[in-house]
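A.B. asks: Below you will find the structure I want to go over with you.
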Amino acid sequence: MEPLLECPQCHARAMDLHDYESMIVVTARHALFGLRCPHCGSRASSMHPIPADMQDEVLYAAVEVGAGMGLNG
Ligand SMILES: [Zn+2]
């Protein structure tokens with residue numbers, strides 16, 4: 001899996017999902033990420049699959065706010 005996204009402004013492939021400014025979980029597997037490009041500083045938002053190594057963090061956050069994500073029966 002390629003974790004870096006291309007910036008829509010400067011086209012540098014430098015936007016890392018792990019450095020998101022905001023994340024709106026849409027499904028258990030996908031989220032709308034708010035990202036800032038480290039090259040040009042522009043903001044972008046992108047719907048993207050949640051990286052496997054972020055799943056635990058996302059699920060923990062969902063449990064913390066009492067969100068039902070349909071994975072715990
Ligand atoms: Zn950029």
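Going through the structure tokens in order, the chains are called A, B, and so on, while each chain numbers its residues from 1 and the ligands are numbered from 1 in the order shown.
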Tell me, as a PDB file with N, CA and C atoms, in the first residue's frame, which residues lie within 12 Å of His48 in chain A, counting only C-alpha atoms; anything in the same chain fewer than 6 positions away does not count.
C.D. replies:
ATOM      1  N   MET A   1       0.847  -1.204   0.000  1.00  0.00           N
ATOM      2  CA  MET A   1       0.000   0.000   0.000  1.00  0.00           C
ATOM      3  C   MET A   1       0.876   1.246   0.000  1.00  0.00           C
ATOM      4  N   GLU A   2       0.534   2.201  -0.842  1.00  0.00           N
ATOM      5  CA  GLU A   2       1.268   3.471  -0.904  1.00  0.00           C
ATOM      6  C   GLU A   2       0.576   4.483   0.002  1.00  0.00           C
ATOM      7  N   PRO A   3       1.220   4.884   1.108  1.00  0.00           N
ATOM      8  CA  PRO A   3       0.543   5.773   2.057  1.00  0.00           C
ATOM      9  C   PRO A   3       0.571   7.242   1.658  1.00  0.00           C
ATOM     10  N   LEU A   4       1.400   7.624   0.690  1.00  0.00           N
ATOM     11  CA  LEU A   4       1.515   9.035   0.341  1.00  0.00           C
ATOM     12  C   LEU A   4       0.602   9.380  -0.827  1.00  0.00           C
ATOM     13  N   LEU A   5      -0.100  10.504  -0.674  1.00  0.00           N
ATOM     14  CA  LEU A   5      -1.018  10.950  -1.711  1.00  0.00           C
ATOM     15  C   LEU A   5      -0.431  12.122  -2.468  1.00  0.00           C
ATOM     16  N   ASP A  16       0.823  12.594   3.630  1.00  0.00           N
ATOM     17  CA  ASP A  16       0.788  11.337   4.378  1.00  0.00           C
ATOM     18  C   ASP A  16      -0.514  11.247   5.175  1.00  0.00           C
ATOM     19  N   LEU A  17      -1.243  10.173   4.960  1.00  0.00           N
ATOM     20  CA  LEU A  17      -2.505   9.992   5.693  1.00  0.00           C
ATOM     21  C   LEU A  17      -2.300  10.016   7.199  1.00  0.00           C
ATOM     22  N   HIS A  18      -1.120   9.595   7.645  1.00  0.00           N
ATOM     23  CA  HIS A  18      -0.873   9.554   9.084  1.00  0.00           C
ATOM     24  C   HIS A  18      -0.740  10.944   9.689  1.00  0.00           C
ATOM     25  N   TYR A  20      -2.761  13.451   9.067  1.00  0.00           N
ATOM     26  CA  TYR A  20      -4.021  14.128   8.785  1.00  0.00           C
ATOM     27  C   TYR A  20      -4.308  15.238   9.796  1.00  0.00           C
ATOM     28  N   MET A  23     -10.104  13.848  10.310  1.00  0.00           N
ATOM     29  CA  MET A  23     -10.534  12.611   9.673  1.00  0.00           C
ATOM     30  C   MET A  23     -11.993  12.372  10.031  1.00  0.00           C
ATOM     31  N   ILE A  24     -12.808  12.188   9.013  1.00  0.00           N
ATOM     32  CA  ILE A  24     -14.210  11.859   9.221  1.00  0.00           C
ATOM     33  C   ILE A  24     -14.406  10.424   8.762  1.00  0.00           C
ATOM     34  N   VAL A  25     -14.686   9.556   9.722  1.00  0.00           N
ATOM     35  CA  VAL A  25     -14.865   8.153   9.377  1.00  0.00           C
ATOM     36  C   VAL A  25     -16.227   7.978   8.717  1.00  0.00           C
ATOM     37  N   VAL A  26     -16.209   7.450   7.517  1.00  0.00           N
ATOM     38  CA  VAL A  26     -17.437   7.292   6.737  1.00  0.00           C
ATOM     39  C   VAL A  26     -17.967   5.876   6.862  1.00  0.00           C
ATOM     40  N   THR A  27     -17.078   4.915   6.739  1.00  0.00           N
ATOM     41  CA  THR A  27     -17.418   3.523   6.997  1.00  0.00           C
ATOM     42  C   THR A  27     -16.303   2.964   7.873  1.00  0.00           C
ATOM     43  N   ALA A  28     -16.410   1.687   8.215  1.00  0.00           N
ATOM     44  CA  ALA A  28     -15.364   1.085   9.040  1.00  0.00           C
ATOM     45  C   ALA A  28     -14.031   1.052   8.309  1.00  0.00           C
ATOM     46  N   ARG A  29     -14.051   1.183   6.992  1.00  0.00           N
ATOM     47  CA  ARG A  29     -12.822   1.033   6.208  1.00  0.00           C
ATOM     48  C   ARG A  29     -12.409   2.304   5.475  1.00  0.00           C
ATOM     49  N   HIS A  30     -13.291   3.272   5.381  1.00  0.00           N
ATOM     50  CA  HIS A  30     -12.979   4.474   4.612  1.00  0.00           C
ATOM     51  C   HIS A  30     -13.227   5.725   5.454  1.00  0.00           C
ATOM     52  N   ALA A  31     -12.414   6.734   5.194  1.00  0.00           N
ATOM     53  CA  ALA A  31     -12.574   7.995   5.893  1.00  0.00           C
ATOM     54  C   ALA A  31     -12.263   9.153   4.941  1.00  0.00           C
ATOM     55  N   LEU A  32     -12.821  10.317   5.277  1.00  0.00           N
ATOM     56  CA  LEU A  32     -12.498  11.538   4.550  1.00  0.00           C
ATOM     57  C   LEU A  32     -11.382  12.234   5.322  1.00  0.00           C
ATOM     58  N   PHE A  33     -10.190  12.255   4.735  1.00  0.00           N
ATOM     59  CA  PHE A  33      -9.012  12.805   5.395  1.00  0.00           C
ATOM     60  C   PHE A  33      -8.830  14.262   4.998  1.00  0.00           C
ATOM     61  N   GLY A  34      -8.569  15.109   5.976  1.00  0.00           N
ATOM     62  CA  GLY A  34      -8.150  16.474   5.711  1.00  0.00           C
ATOM     63  C   GLY A  34      -6.644  16.535   5.869  1.00  0.00           C
ATOM     64  N   LEU A  35      -5.950  16.904   4.788  1.00  0.00           N
ATOM     65  CA  LEU A  35      -4.489  16.835   4.763  1.00  0.00           C
ATOM     66  C   LEU A  35      -3.894  18.179   4.376  1.00  0.00           C
TER      67      LEU A  35
END
A.B. asks: Around ligand 1, out to 8 Å and counting only C-alpha atoms and all ligand atoms, which residues are there? I want them as an MDAnalysis selection string.
C.D. replies: chainID A and resid 6:12 14:15 36:42
A.B. asks: Suppose we keep C-alpha atoms; can you now write the selection as a PDB file, in the first residue's frame?
C.D. replies:
ATOM      1  CA  GLU A   6      -0.367  13.361  -4.526  1.00  0.00           C
ATOM      2  CA  CYS A   7      -1.032  16.994  -3.753  1.00  0.00           C
ATOM      3  CA  PRO A   8      -3.733  18.415  -6.049  1.00  0.00           C
ATOM      4  CA  GLN A   9      -1.921  21.786  -6.101  1.00  0.00           C
ATOM      5  CA  CYS A  10       1.798  21.067  -6.602  1.00  0.00           C
ATOM      6  CA  HIS A  11       1.542  17.364  -7.479  1.00  0.00           C
ATOM      7  CA  ALA A  12       4.211  16.373  -5.010  1.00  0.00           C
ATOM      8  CA  ALA A  14       4.050  13.947  -0.179  1.00  0.00           C
ATOM      9  CA  MET A  15       0.743  13.985   1.678  1.00  0.00           C
ATOM     10  CA  ARG A  36      -1.930  19.604   4.423  1.00  0.00           C
ATOM     11  CA  CYS A  37       0.790  19.382   1.800  1.00  0.00           C
ATOM     12  CA  PRO A  38       4.270  19.737   3.362  1.00  0.00           C
ATOM     13  CA  HIS A  39       5.588  21.135   0.062  1.00  0.00           C
ATOM     14  CA  CYS A  40       3.179  23.956  -0.802  1.00  0.00           C
ATOM     15  CA  GLY A  41       1.116  24.170   2.380  1.00  0.00           C
ATOM     16  CA  SER A  42      -2.231  23.809   0.647  1.00  0.00           C
TER      17      SER A  42
END
A.B. asks: How many Å lie between CA of Met54 in chain A and CA of Asp19 in chain A, rounded to one decimal?
C.D. replies: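 A separation of 11.2 Å between them.
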A.B. asks: If you run DSSP on this backbone, which residues of range 5-68 of chain A come out as helix (DSSP H, G or I), and could you give them as number ranges by chain?
C.D. replies: A: 17-19, 52-64
A.B. asks: Run DSSP on the backbone and grab whatever in range 18-56 of chain A lands in strand (DSSP E); send it over as a PyMOL selection string.
C.D. replies: chain A and resi 22-25+30-36+43-49
A.B. asks: Find the distance between CA of Val65 in chain A and CA of Met47 in chain A and write it in Å to one decimal.
C.D. replies: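 Going from CA of Val65 in chain A over to CA of Met47 in chain A, I get 21.4 Å.
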A.B. asks: How many Å separate CA of Glu21 in chain A from CA of Val63 in chain A?
C.D. replies: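 Distance between the two atoms: 20.2 Å.
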